[in-house]
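> This is the structure, below, for whatever I ask next.
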Protein chains: 2
Amino acid sequence: MHTFTEENYLKAIYKLEEQTGDTVINSDLAKALSIHSATVTDMLKKMSQKKLITYEKSKGFKLTGKGKKIAISIIRRHRLWEVFLVNNLGFGWDEVHDMAEQLEHVQSEDLVNRLDKYLGHPKADPHGDPIPNVNGEFAKSKAIPLSNLPVGKQGKFSGVIDHSSSFLSYLNKIEFALGDPIRVKSIEEYDNSYTLQLKNEKEIVVSSKFVNSILVIEI
Amino acid sequence: MHTFTEENYLKAIYKLEEQTGDTVINSDLAKALSIHSATVTDMLKKMSQKKLITYEKSKGFKLTGKGKKIAISIIRRHRLWEVFLVNNLGFGWDEVHDMAEQLEHVQSEDLVNRLDKYLGHPKADPHGDPIPNVNGEFAKSKAIPLSNLPVGKQGKFSGVIDHSSSFLSYLNKIEFALGDPIRVKSIEEYDNSYTLQLKNEKEIVVSSKFVNSILVIEI
DNA sequence: CTATTATTTTAGGCTTATCTAAAATAATAG
DNA sequence: CTATTATTTTAGATAAGCCTAAAATAATAG
């Protein structure tokens with residue numbers, strides 16, 4: 001079907017579009033893929049010919065319907081494999097990214113749909129990211145960054161924005177896991193640090209970076 | 001680690017060595033991989049430099065210890081994934097080859113060992129092929145081709161030699177599955193066809209090609 | 001509006017894995 | 001032993017993805 005490289009470009013473009021809500025520019029994509037702009041220019045021409053992206057010189061580009069469909073299917077595969085690795089094989093959520101990056105490229109519609117069924121049609125991966133269904137549709141989420149949760153309100157930890165394994169390991173260390181209750185006790189104006197109340201009345205103080213990296217659902 | 005291509009060469013060489021019990025020649029490998037001899041010559045030089053094979057111009061070649069170790073680990077991964085696809089995802093044994101060809105290249109020692117554990121350390125894949133353990137050791141097998149099972153003796157279907165999906169589908173059709181009992185009732189001298197007795201006293205007549213494609217254990 | 005800075009594109013190269021065609025070498029039949 | 005056939009190797013190309021360096025273009029500050 002498509003090469004690994006092409007699939008990685010599609011996925012990266014999709015994520016950049018999602019983040020910025022806008023057309024994507026060459027240099028951002030180059031940075032995201034850790035390659036050089038000149039290489040990106042070349043590849044964009046090819047992908048444009050294949051009608052995977054619309055592309056005008058120096059005006060940014062975006063996925064076509066076709067390109068988007070492929071990107072979403074790759075994300076679906078990635079997240080389903082992550083569920084398998086964590087739920088069935090017992091990996092930590094901070095360990096699965098690289099393996100899922102490989103597994104996502106295995107080509108077989110049948111395989112991914114059977115895996116989905118085997119896993120019980122999960123709605124989210126181990127990081128709380130939504131898993132698109134077989135038609136590429138994402139479940140709507142009411143998640144908001146923890147920084148937007150009003151002080152005193154009860155929330156439930158529903159996902160991470162920062163997927164780095166250093167952040168995930170830190171969450172492991174403080175024993176704060178997906179699904180856990182969370183409440184903002186107070187915000188220190190001086191340095192914008194937050195005092196949070198976790199389960200069992202445990203309190204911790206974290207940075208503003210932290211509260212911007214956590215998604216919660218108000219309950 | 002190694003490219004897919006290199007891994008595929010190693011696996012193909014391993015299988016050819018196994019079949020012929022001898023050094024492998026360029027043209028056989030080219031045929032096995034459906035590529036041209038000139039390409040093989042090139043690649044052999046590179047693999048020889050990397051000490052994956054020993055290679056002398058026009059004298060055939062064979063895997064080094066290092067090459068063999070990698071080849072066996074690829075076979076291990078392939079067969080474990082096949083078990084997963086059949087036992088857990090419910091694929092037929094005639095459907096899993098292409099998927100396993102992709103999954104076998106996923107790089108992670110940890111993944112394959114956890115998968116092995118998850119599957120209960122299976123000793124054989126869905127076709128009866130032995131799965132090497134974590135140290136690359138194969139369980140010894142007492143399996144013999146059905147053609148070597150003495151007339152009248154009871155055997156147990158323990159593996160296939162022909163892995164083609166046409167053959168596997170045929171076995172599905174006659175409802176002859178791994179583990180089933182089997183007995184040779186008689187051999188027709190005229191055309192070397194065999195009358196076999198399957199489970200529930202069911203009798204079928206098959207060609208000599210058939211009896212050379214089935215492995216059994218005398219019981 | 002122009003000078004500086006940022007971004008993109010062009011041009012020329014490299015490596016991997018493949019090909020074809022031709023040359024070289026080895027094996028085999030008579 | 002030699003002629004024919006089979007096999008392997010060499011030589012020259014190609015496509016995909018990447019690079020660097022330089023040129024072109026666009027954006028922005030003053």
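Chain labels follow the order of the structure tokens: the first chain is A, the next B, and so on; residue numbering restarts at 1 in every chain, and ligands are counted from 1 in their shown order.
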Let's see if you can do this: from backbone DSSP, list all alpha helix (DSSP H) residues in range 6-217 of chain B, as an MDAnalysis selection string.
chainID B and resid 6:20 26:33 37:49 65:83 97:103 109:118 165:173 208:211
> With all Cα atoms paired residue by residue, do a least-squares superposition of chain B on chain A and hand back the transformed coordinates as a tab-separated table (two decimals) with C-alpha atoms, in the first residue's frame.

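Result file is selection-v4.tsv:
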```tsv
chain	number	residue	atom	x	y	z
B	1	MET	CA	-0.06	0.01	0.07
B	2	HIS	CA	2.08	2.90	1.28
B	3	THR	CA	5.64	2.95	2.50
B	4	PHE	CA	6.44	3.40	6.17
B	5	THR	CA	7.88	6.77	5.29
B	6	GLU	CA	4.75	7.96	3.60
B	7	GLU	CA	2.65	6.74	6.52
B	8	ASN	CA	4.87	8.60	8.93
B	9	TYR	CA	4.52	11.81	6.95
B	10	LEU	CA	0.75	11.44	6.89
B	11	LYS	CA	0.57	10.85	10.61
B	12	ALA	CA	2.86	13.77	11.38
B	13	ILE	CA	0.88	16.11	9.12
B	14	TYR	CA	-2.36	15.00	10.73
B	15	LYS	CA	-1.04	15.75	14.19
B	16	LEU	CA	0.28	19.14	13.17
B	17	GLU	CA	-3.03	20.07	11.58
B	18	GLU	CA	-4.77	18.98	14.75
B	19	GLN	CA	-2.46	21.04	16.95
B	20	THR	CA	-2.54	24.23	14.96
B	21	GLY	CA	-5.97	23.83	13.38
B	22	ASP	CA	-4.43	25.29	10.26
B	23	THR	CA	-2.43	24.43	7.18
B	24	VAL	CA	0.96	22.97	7.95
B	25	ILE	CA	4.25	24.46	6.85
B	26	ASN	CA	7.31	22.67	5.57
B	27	SER	CA	9.63	23.65	8.40
B	28	ASP	CA	7.28	22.43	11.13
B	29	LEU	CA	6.94	19.08	9.45
B	30	ALA	CA	10.69	18.85	8.96
B	31	LYS	CA	11.16	19.47	12.66
B	32	ALA	CA	8.48	16.96	13.63
B	33	LEU	CA	10.13	14.26	11.54
B	34	SER	CA	13.72	15.29	12.29
B	35	ILE	CA	14.60	15.60	8.63
B	36	HIS	CA	15.62	18.49	6.41
B	37	SER	CA	13.34	20.91	4.64
B	38	ALA	CA	14.72	19.99	1.24
B	39	THR	CA	13.69	16.40	1.81
B	40	VAL	CA	10.23	17.49	2.85
B	41	THR	CA	9.83	19.62	-0.29
B	42	ASP	CA	10.58	16.56	-2.42
B	43	MET	CA	8.22	14.29	-0.57
B	44	LEU	CA	5.41	16.85	-0.56
B	45	LYS	CA	5.56	17.00	-4.33
B	46	LYS	CA	5.20	13.25	-4.56
B	47	MET	CA	2.41	13.10	-2.01
B	48	SER	CA	0.65	15.91	-3.78
B	49	GLN	CA	0.78	13.96	-7.05
B	50	LYS	CA	-0.77	11.03	-5.24
B	51	LYS	CA	-3.54	13.33	-4.00
B	52	LEU	CA	-2.69	12.73	-0.36
B	53	ILE	CA	-2.19	16.42	0.33
B	54	THR	CA	-3.09	19.70	-1.29
B	55	TYR	CA	-0.05	21.78	-1.68
B	56	GLU	CA	0.80	25.16	-3.04
B	57	LYS	CA	4.31	26.49	-3.14
B	58	SER	CA	5.04	28.52	-0.05
B	59	LYS	CA	1.43	28.49	1.07
B	60	GLY	CA	1.41	25.53	3.40
B	61	PHE	CA	-0.45	22.34	2.77
B	62	LYS	CA	-3.06	20.04	4.25
B	63	LEU	CA	-4.34	16.51	3.98
B	64	THR	CA	-6.95	15.61	1.39
B	65	GLY	CA	-9.85	13.40	2.44
B	66	LYS	CA	-7.88	10.44	1.17
B	67	GLY	CA	-4.77	11.46	3.11
B	68	LYS	CA	-6.73	12.07	6.26
B	69	LYS	CA	-8.40	8.70	6.07
B	70	ILE	CA	-5.06	6.94	5.89
B	71	ALA	CA	-3.63	9.06	8.71
B	72	ILE	CA	-6.55	8.18	10.95
B	73	SER	CA	-6.25	4.51	10.19
B	74	ILE	CA	-2.58	4.61	11.22
B	75	ILE	CA	-3.52	6.34	14.46
B	76	ARG	CA	-6.17	3.69	15.04
B	77	ARG	CA	-3.65	0.91	14.59
B	78	HIS	CA	-1.09	2.63	16.81
B	79	ARG	CA	-3.48	3.14	19.67
B	80	LEU	CA	-4.99	-0.33	19.49
B	81	TRP	CA	-1.54	-1.89	19.64
B	82	GLU	CA	-0.74	0.31	22.63
B	83	VAL	CA	-3.79	-1.05	24.42
B	84	PHE	CA	-2.66	-4.59	23.67
B	85	LEU	CA	0.86	-3.94	24.88
B	86	VAL	CA	-0.29	-2.42	28.16
B	87	ASN	CA	-3.42	-4.40	28.96
B	88	ASN	CA	-2.40	-7.80	27.68
B	89	LEU	CA	1.37	-7.91	27.73
B	90	GLY	CA	1.76	-5.81	30.88
B	91	PHE	CA	4.01	-3.07	29.57
B	92	GLY	CA	4.02	0.31	31.30
B	93	TRP	CA	2.38	3.21	29.48
B	94	ASP	CA	5.79	4.86	29.29
B	95	GLU	CA	7.32	1.90	27.42
B	96	VAL	CA	5.04	1.23	24.49
B	97	HIS	CA	5.53	4.08	22.07
B	98	ASP	CA	8.42	2.71	20.02
B	99	MET	CA	6.87	-0.71	19.64
B	100	ALA	CA	3.55	0.77	18.58
B	101	GLU	CA	5.40	2.92	16.03
B	102	GLN	CA	6.48	-0.30	14.37
B	103	LEU	CA	3.28	-2.27	14.79
B	104	GLU	CA	1.18	0.53	13.33
B	105	HIS	CA	2.68	-0.15	9.90
B	106	VAL	CA	1.57	-3.76	9.70
B	107	GLN	CA	-0.82	-3.87	6.78
B	108	SER	CA	-4.02	-5.80	7.29
B	109	GLU	CA	-7.47	-4.37	7.74
B	110	ASP	CA	-8.63	-7.68	9.05
B	111	LEU	CA	-5.90	-7.81	11.66
B	112	VAL	CA	-6.65	-4.41	13.12
B	113	ASN	CA	-10.37	-5.08	13.27
B	114	ARG	CA	-9.92	-8.42	14.96
B	115	LEU	CA	-7.48	-6.86	17.39
B	116	ASP	CA	-10.06	-4.18	18.13
B	117	LYS	CA	-12.65	-6.84	18.87
B	118	TYR	CA	-10.20	-8.90	20.93
B	119	LEU	CA	-9.46	-5.86	23.07
B	120	GLY	CA	-13.17	-5.16	23.55
B	121	HIS	CA	-13.43	-2.13	21.23
B	122	PRO	CA	-11.53	0.21	23.55
B	123	LYS	CA	-12.43	3.88	23.26
B	124	ALA	CA	-9.06	5.21	24.39
B	125	ASP	CA	-5.44	4.11	24.49
B	126	PRO	CA	-3.38	3.83	27.71
B	127	HIS	CA	-2.67	7.58	27.61
B	128	GLY	CA	-6.32	8.49	27.27
B	129	ASP	CA	-6.08	9.30	23.57
B	130	PRO	CA	-9.27	8.45	21.71
B	131	ILE	CA	-9.22	5.49	19.33
B	132	PRO	CA	-11.08	6.12	16.07
B	133	ASN	CA	-13.59	3.42	15.18
B	134	VAL	CA	-13.51	1.36	12.01
B	135	ASN	CA	-15.08	4.27	10.10
B	136	GLY	CA	-12.46	6.72	11.32
B	137	GLU	CA	-14.77	8.47	13.76
B	138	PHE	CA	-13.45	9.69	17.10
B	139	ALA	CA	-15.62	9.68	20.20
B	140	LYS	CA	-16.28	13.22	21.40
B	141	SER	CA	-14.41	14.01	24.59
B	142	LYS	CA	-15.26	16.46	27.36
B	143	ALA	CA	-11.70	16.47	28.59
B	144	ILE	CA	-10.08	19.80	29.47
B	145	PRO	CA	-6.56	20.64	30.60
B	146	LEU	CA	-6.23	20.45	34.37
B	147	SER	CA	-5.24	24.11	34.28
B	148	ASN	CA	-8.82	24.90	33.24
B	149	LEU	CA	-10.49	22.94	36.02
B	150	PRO	CA	-11.96	25.46	38.49
B	151	VAL	CA	-10.35	25.44	41.95
B	152	GLY	CA	-12.23	23.13	44.26
B	153	LYS	CA	-14.05	21.18	41.53
B	154	GLN	CA	-13.68	17.43	41.36
B	155	GLY	CA	-12.13	16.03	38.17
B	156	LYS	CA	-11.12	12.65	36.81
B	157	PHE	CA	-7.74	12.14	35.18
B	158	SER	CA	-8.64	11.21	31.60
B	159	GLY	CA	-5.54	11.71	29.48
B	160	VAL	CA	-2.12	13.24	28.96
B	161	ILE	CA	-1.08	15.93	26.53
B	162	ASP	CA	2.64	15.40	27.08
B	163	HIS	CA	3.47	11.83	26.01
B	164	SER	CA	7.16	11.92	26.91
B	165	SER	CA	8.31	8.93	28.88
B	166	SER	CA	9.91	11.25	31.45
B	167	PHE	CA	6.53	12.77	32.20
B	168	LEU	CA	4.79	9.39	32.22
B	169	SER	CA	7.42	7.96	34.57
B	170	TYR	CA	6.92	10.93	36.86
B	171	LEU	CA	3.20	10.18	36.99
B	172	ASN	CA	4.05	6.58	37.82
B	173	LYS	CA	6.29	7.81	40.64
B	174	ILE	CA	3.59	9.92	42.24
B	175	GLU	CA	1.11	7.09	41.64
B	176	PHE	CA	-1.28	9.18	39.64
B	177	ALA	CA	-3.01	7.00	37.07
B	178	LEU	CA	-5.70	7.35	34.41
B	179	GLY	CA	-9.14	7.36	36.00
B	180	ASP	CA	-7.93	8.73	39.34
B	181	PRO	CA	-9.81	11.59	41.01
B	182	ILE	CA	-8.14	14.98	41.09
B	183	ARG	CA	-8.97	18.36	42.63
B	184	VAL	CA	-7.16	21.68	42.54
B	185	LYS	CA	-6.83	22.88	46.12
B	186	SER	CA	-5.12	26.17	45.40
B	187	ILE	CA	-2.94	28.08	42.97
B	188	GLU	CA	0.10	29.99	44.17
B	189	GLU	CA	0.05	33.34	42.40
B	190	TYR	CA	3.77	33.92	42.90
B	191	ASP	CA	4.99	31.14	40.57
B	192	ASN	CA	1.71	29.72	39.29
B	193	SER	CA	2.30	26.40	41.06
B	194	TYR	CA	-0.69	24.24	41.89
B	195	THR	CA	-1.54	22.28	45.01
B	196	LEU	CA	-3.47	19.21	43.94
B	197	GLN	CA	-5.43	16.70	45.94
B	198	LEU	CA	-5.11	13.14	44.65
B	199	LYS	CA	-6.86	10.00	45.86
B	200	ASN	CA	-6.62	9.12	49.58
B	201	GLU	CA	-6.37	12.83	50.45
B	202	LYS	CA	-2.79	12.87	49.19
B	203	GLU	CA	-1.56	16.38	48.33
B	204	ILE	CA	1.18	17.38	45.95
B	205	VAL	CA	2.53	20.64	44.56
B	206	VAL	CA	3.21	20.80	40.84
B	207	SER	CA	4.30	23.32	38.21
B	208	SER	CA	2.09	25.05	35.68
B	209	LYS	CA	3.78	22.89	33.05
B	210	PHE	CA	2.34	19.87	34.84
B	211	VAL	CA	-1.25	21.14	34.90
B	212	ASN	CA	-1.04	21.94	31.21
B	213	SER	CA	0.03	18.39	30.42
B	214	ILE	CA	-2.89	16.62	32.08
B	215	LEU	CA	-6.42	16.25	30.77
B	216	VAL	CA	-9.36	15.88	33.12
B	217	ILE	CA	-13.10	15.50	32.93
B	218	GLU	CA	-15.08	17.56	35.40
B	219	ILE	CA	-17.38	15.36	37.46
```
> Just give me the gap between C1' of DA29 in chain D and C1' of DA3 in chain C in Å, one decimal is fine.
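Separating C1' of DA29 in chain D from C1' of DA3 in chain C is a distance of 9.0 Å.
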> Using only C-alpha atoms (C1' of nucleotides), what does the table of chain C residues within 9 Å of chain B look like, with each row giving the shortest atom pair and its distance in Å to one decimal, sorted by chain and ascending number, as JSON lines?

```
{"residue": "C:DA17", "atom": "C1'", "partner": "B:Thr39", "partner_atom": "CA", "distance": 7.9}
{"residue": "C:DT18", "atom": "C1'", "partner": "B:Thr39", "partner_atom": "CA", "distance": 6.9}
{"residue": "C:DC19", "atom": "C1'", "partner": "B:His36", "partner_atom": "CA", "distance": 8.1}
{"residue": "C:DT25", "atom": "C1'", "partner": "B:Ser58", "partner_atom": "CA", "distance": 8.5}
{"residue": "C:DA26", "atom": "C1'", "partner": "B:Ser58", "partner_atom": "CA", "distance": 7.9}
```
> Hey, can you spit out that residue selection with N, CA and C atoms (P, O5', C5', C4', C3', O3' and C1' of nucleotides) as an mmCIF file, in the first residue's frame?

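Contents of the output file result-v6.cif:
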```
data_model
loop_
_atom_site.group_PDB
_atom_site.id
_atom_site.type_symbol
_atom_site.label_atom_id
_atom_site.label_comp_id
_atom_site.auth_asym_id
_atom_site.auth_seq_id
_atom_site.Cartn_x
_atom_site.Cartn_y
_atom_site.Cartn_z
ATOM 1 P P DA C 17 19.501 -2.846 2.298
ATOM 2 O "O5'" DA C 17 18.727 -3.203 0.956
ATOM 3 C "C5'" DA C 17 17.423 -2.652 0.746
ATOM 4 C "C4'" DA C 17 17.044 -2.822 -0.707
ATOM 5 C "C3'" DA C 17 17.326 -4.195 -1.305
ATOM 6 O "O3'" DA C 17 16.136 -4.693 -1.881
ATOM 7 C "C1'" DA C 17 18.061 -2.517 -2.743
ATOM 8 P P DT C 18 15.951 -6.202 -2.277
ATOM 9 O "O5'" DT C 18 16.071 -6.154 -3.872
ATOM 10 C "C5'" DT C 18 14.965 -5.892 -4.668
ATOM 11 C "C4'" DT C 18 15.304 -5.017 -5.861
ATOM 12 C "C3'" DT C 18 15.826 -5.712 -7.117
ATOM 13 O "O3'" DT C 18 14.870 -6.533 -7.710
ATOM 14 C "C1'" DT C 18 16.658 -3.494 -6.893
ATOM 15 P P DC C 19 15.210 -7.651 -8.734
ATOM 16 O "O5'" DC C 19 15.445 -6.823 -10.090
ATOM 17 C "C5'" DC C 19 14.435 -5.938 -10.545
ATOM 18 C "C4'" DC C 19 14.966 -5.133 -11.724
ATOM 19 C "C3'" DC C 19 15.603 -6.003 -12.808
ATOM 20 O "O3'" DC C 19 14.668 -6.246 -13.833
ATOM 21 C "C1'" DC C 19 17.029 -4.150 -12.249
ATOM 22 P P DT C 25 37.302 -14.828 -15.126
ATOM 23 O "O5'" DT C 25 36.566 -16.107 -14.558
ATOM 24 C "C5'" DT C 25 35.651 -15.935 -13.462
ATOM 25 C "C4'" DT C 25 34.804 -17.172 -13.389
ATOM 26 C "C3'" DT C 25 35.605 -18.474 -13.407
ATOM 27 O "O3'" DT C 25 35.439 -19.021 -12.125
ATOM 28 C "C1'" DT C 25 33.624 -18.626 -14.690
ATOM 29 P P DA C 26 36.084 -20.407 -11.695
ATOM 30 O "O5'" DA C 26 34.849 -21.382 -11.934
ATOM 31 C "C5'" DA C 26 33.627 -21.072 -11.269
ATOM 32 C "C4'" DA C 26 32.640 -22.183 -11.553
ATOM 33 C "C3'" DA C 26 33.200 -23.588 -11.409
ATOM 34 O "O3'" DA C 26 32.231 -24.291 -10.670
ATOM 35 C "C1'" DA C 26 32.229 -23.318 -13.559
#
```
> Which residues in range 78-201 of chain A does DSSP call strand (DSSP E or B)? List them as a PyMOL selection string.
chain A and resi 124+130+144-145+154-160+181-188+193-197
> Quick one: residues within 12 Å of DT4 in chain C, only C-alpha atoms (C1' of nucleotides) counted, chain neighbours fewer than 5 positions away excluded, as number ranges by chain?
D: 27-30
> Could those selected residues go to a file with C-alpha atoms (C1' of nucleotides), as a PDB file, in the first residue's frame?

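Everything below was put into out.pdb:
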```pdb
ATOM      1  C1'  DA D  27       7.738  37.762   6.002  1.00  0.00           C
ATOM      2  C1'  DT D  28       8.804  41.311   9.196  1.00  0.00           C
ATOM      3  C1'  DA D  29      11.057  45.169  11.674  1.00  0.00           C
ATOM      4  C1'  DG D  30      12.210  49.652  11.488  1.00  0.00           C
TER       5       DG D  30
END
```
> Which chain D residues are at most 9 Å from chain B (counting only C-alpha atoms (C1' of nucleotides)), as number ranges by chain?
D: 7-10
> Using the selection just defined, write its residues with N, CA and C atoms (P, O5', C5', C4', C3', O3' and C1' of nucleotides) as an mmCIF file, in the first residue's frame.

```cif
data_model
loop_
_atom_site.group_PDB
_atom_site.id
_atom_site.type_symbol
_atom_site.label_atom_id
_atom_site.label_comp_id
_atom_site.auth_asym_id
_atom_site.auth_seq_id
_atom_site.Cartn_x
_atom_site.Cartn_y
_atom_site.Cartn_z
ATOM 1 P P DT D 7 21.909 -23.675 -12.904
ATOM 2 O "O5'" DT D 7 23.079 -22.675 -12.507
ATOM 3 C "C5'" DT D 7 24.322 -23.202 -12.077
ATOM 4 C "C4'" DT D 7 25.256 -22.043 -11.779
ATOM 5 C "C3'" DT D 7 24.640 -20.954 -10.917
ATOM 6 O "O3'" DT D 7 25.395 -20.946 -9.718
ATOM 7 C "C1'" DT D 7 25.818 -20.039 -12.771
ATOM 8 P P DT D 8 25.161 -19.844 -8.547
ATOM 9 O "O5'" DT D 8 26.202 -18.706 -8.964
ATOM 10 C "C5'" DT D 8 27.571 -19.056 -9.119
ATOM 11 C "C4'" DT D 8 28.348 -17.833 -9.567
ATOM 12 C "C3'" DT D 8 28.113 -16.599 -8.715
ATOM 13 O "O3'" DT D 8 29.392 -16.236 -8.217
ATOM 14 C "C1'" DT D 8 27.958 -16.069 -11.023
ATOM 15 P P DT D 9 29.597 -14.998 -7.224
ATOM 16 O "O5'" DT D 9 30.055 -13.850 -8.231
ATOM 17 C "C5'" DT D 9 31.193 -14.068 -9.049
ATOM 18 C "C4'" DT D 9 31.320 -12.924 -10.050
ATOM 19 C "C3'" DT D 9 31.257 -11.538 -9.416
ATOM 20 O "O3'" DT D 9 32.519 -10.923 -9.633
ATOM 21 C "C1'" DT D 9 29.925 -11.668 -11.391
ATOM 22 P P DT D 10 32.818 -9.451 -9.086
ATOM 23 O "O5'" DT D 10 32.535 -8.555 -10.391
ATOM 24 C "C5'" DT D 10 33.176 -8.893 -11.617
ATOM 25 C "C4'" DT D 10 32.716 -7.956 -12.718
ATOM 26 C "C3'" DT D 10 32.720 -6.475 -12.352
ATOM 27 O "O3'" DT D 10 33.381 -5.785 -13.410
ATOM 28 C "C1'" DT D 10 30.627 -7.085 -13.250
#
```
> How many Å lie between C1' of DT5 in chain D and C1' of DT20 in chain C, rounded to one decimal?
20.7 Å
> Find the distance between C1' of DA11 in chain D and C1' of DT15 in chain C and write it in Å to one decimal.
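So the answer is 18.0 Å.
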> Fewer than 6 positions away in the same chain doesn't count, so skip those; otherwise give me all residues within 12 Å of DT4 in chain D, counting only C-alpha atoms (C1' of nucleotides), as a ChimeraX atom specification.
/C:27-30
> Quick one: residues within 10 Å of DA23 in chain D, only C-alpha atoms (C1' of nucleotides), excluding same-chain residues fewer than 3 positions away - as a PDB file with N, CA and C atoms (P, O5', C5', C4', C3', O3' and C1' of nucleotides), in the first residue's frame?

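Saved as out18.pdb:
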```
ATOM      1  P    DT C   9       8.364  25.037  -1.155  1.00  0.00           P
ATOM      2  O5'  DT C   9       9.628  25.128  -2.135  1.00  0.00           O
ATOM      3  C5'  DT C   9       9.793  26.303  -2.921  1.00  0.00           C
ATOM      4  C4'  DT C   9      11.116  26.214  -3.657  1.00  0.00           C
ATOM      5  C3'  DT C   9      11.316  24.905  -4.416  1.00  0.00           C
ATOM      6  O3'  DT C   9      11.410  25.247  -5.797  1.00  0.00           O
ATOM      7  C1'  DT C   9      13.269  25.501  -3.181  1.00  0.00           C
ATOM      8  P    DT C  10      11.659  24.100  -6.901  1.00  0.00           P
ATOM      9  O5'  DT C  10      13.248  24.171  -7.127  1.00  0.00           O
ATOM     10  C5'  DT C  10      13.852  25.436  -7.411  1.00  0.00           C
ATOM     11  C4'  DT C  10      15.351  25.255  -7.543  1.00  0.00           C
ATOM     12  C3'  DT C  10      15.792  24.075  -8.400  1.00  0.00           C
ATOM     13  O3'  DT C  10      16.793  24.565  -9.286  1.00  0.00           O
ATOM     14  C1'  DT C  10      16.863  23.977  -6.315  1.00  0.00           C
ATOM     15  P    DA C  11      17.295  23.664 -10.509  1.00  0.00           P
ATOM     16  O5'  DA C  11      18.697  23.135  -9.965  1.00  0.00           O
ATOM     17  C5'  DA C  11      19.588  24.027  -9.290  1.00  0.00           C
ATOM     18  C4'  DA C  11      20.834  23.256  -8.885  1.00  0.00           C
ATOM     19  C3'  DA C  11      21.092  21.991  -9.698  1.00  0.00           C
ATOM     20  O3'  DA C  11      22.482  21.911  -9.951  1.00  0.00           O
ATOM     21  C1'  DA C  11      20.950  21.440  -7.424  1.00  0.00           C
TER      22       DA C  11
END
```
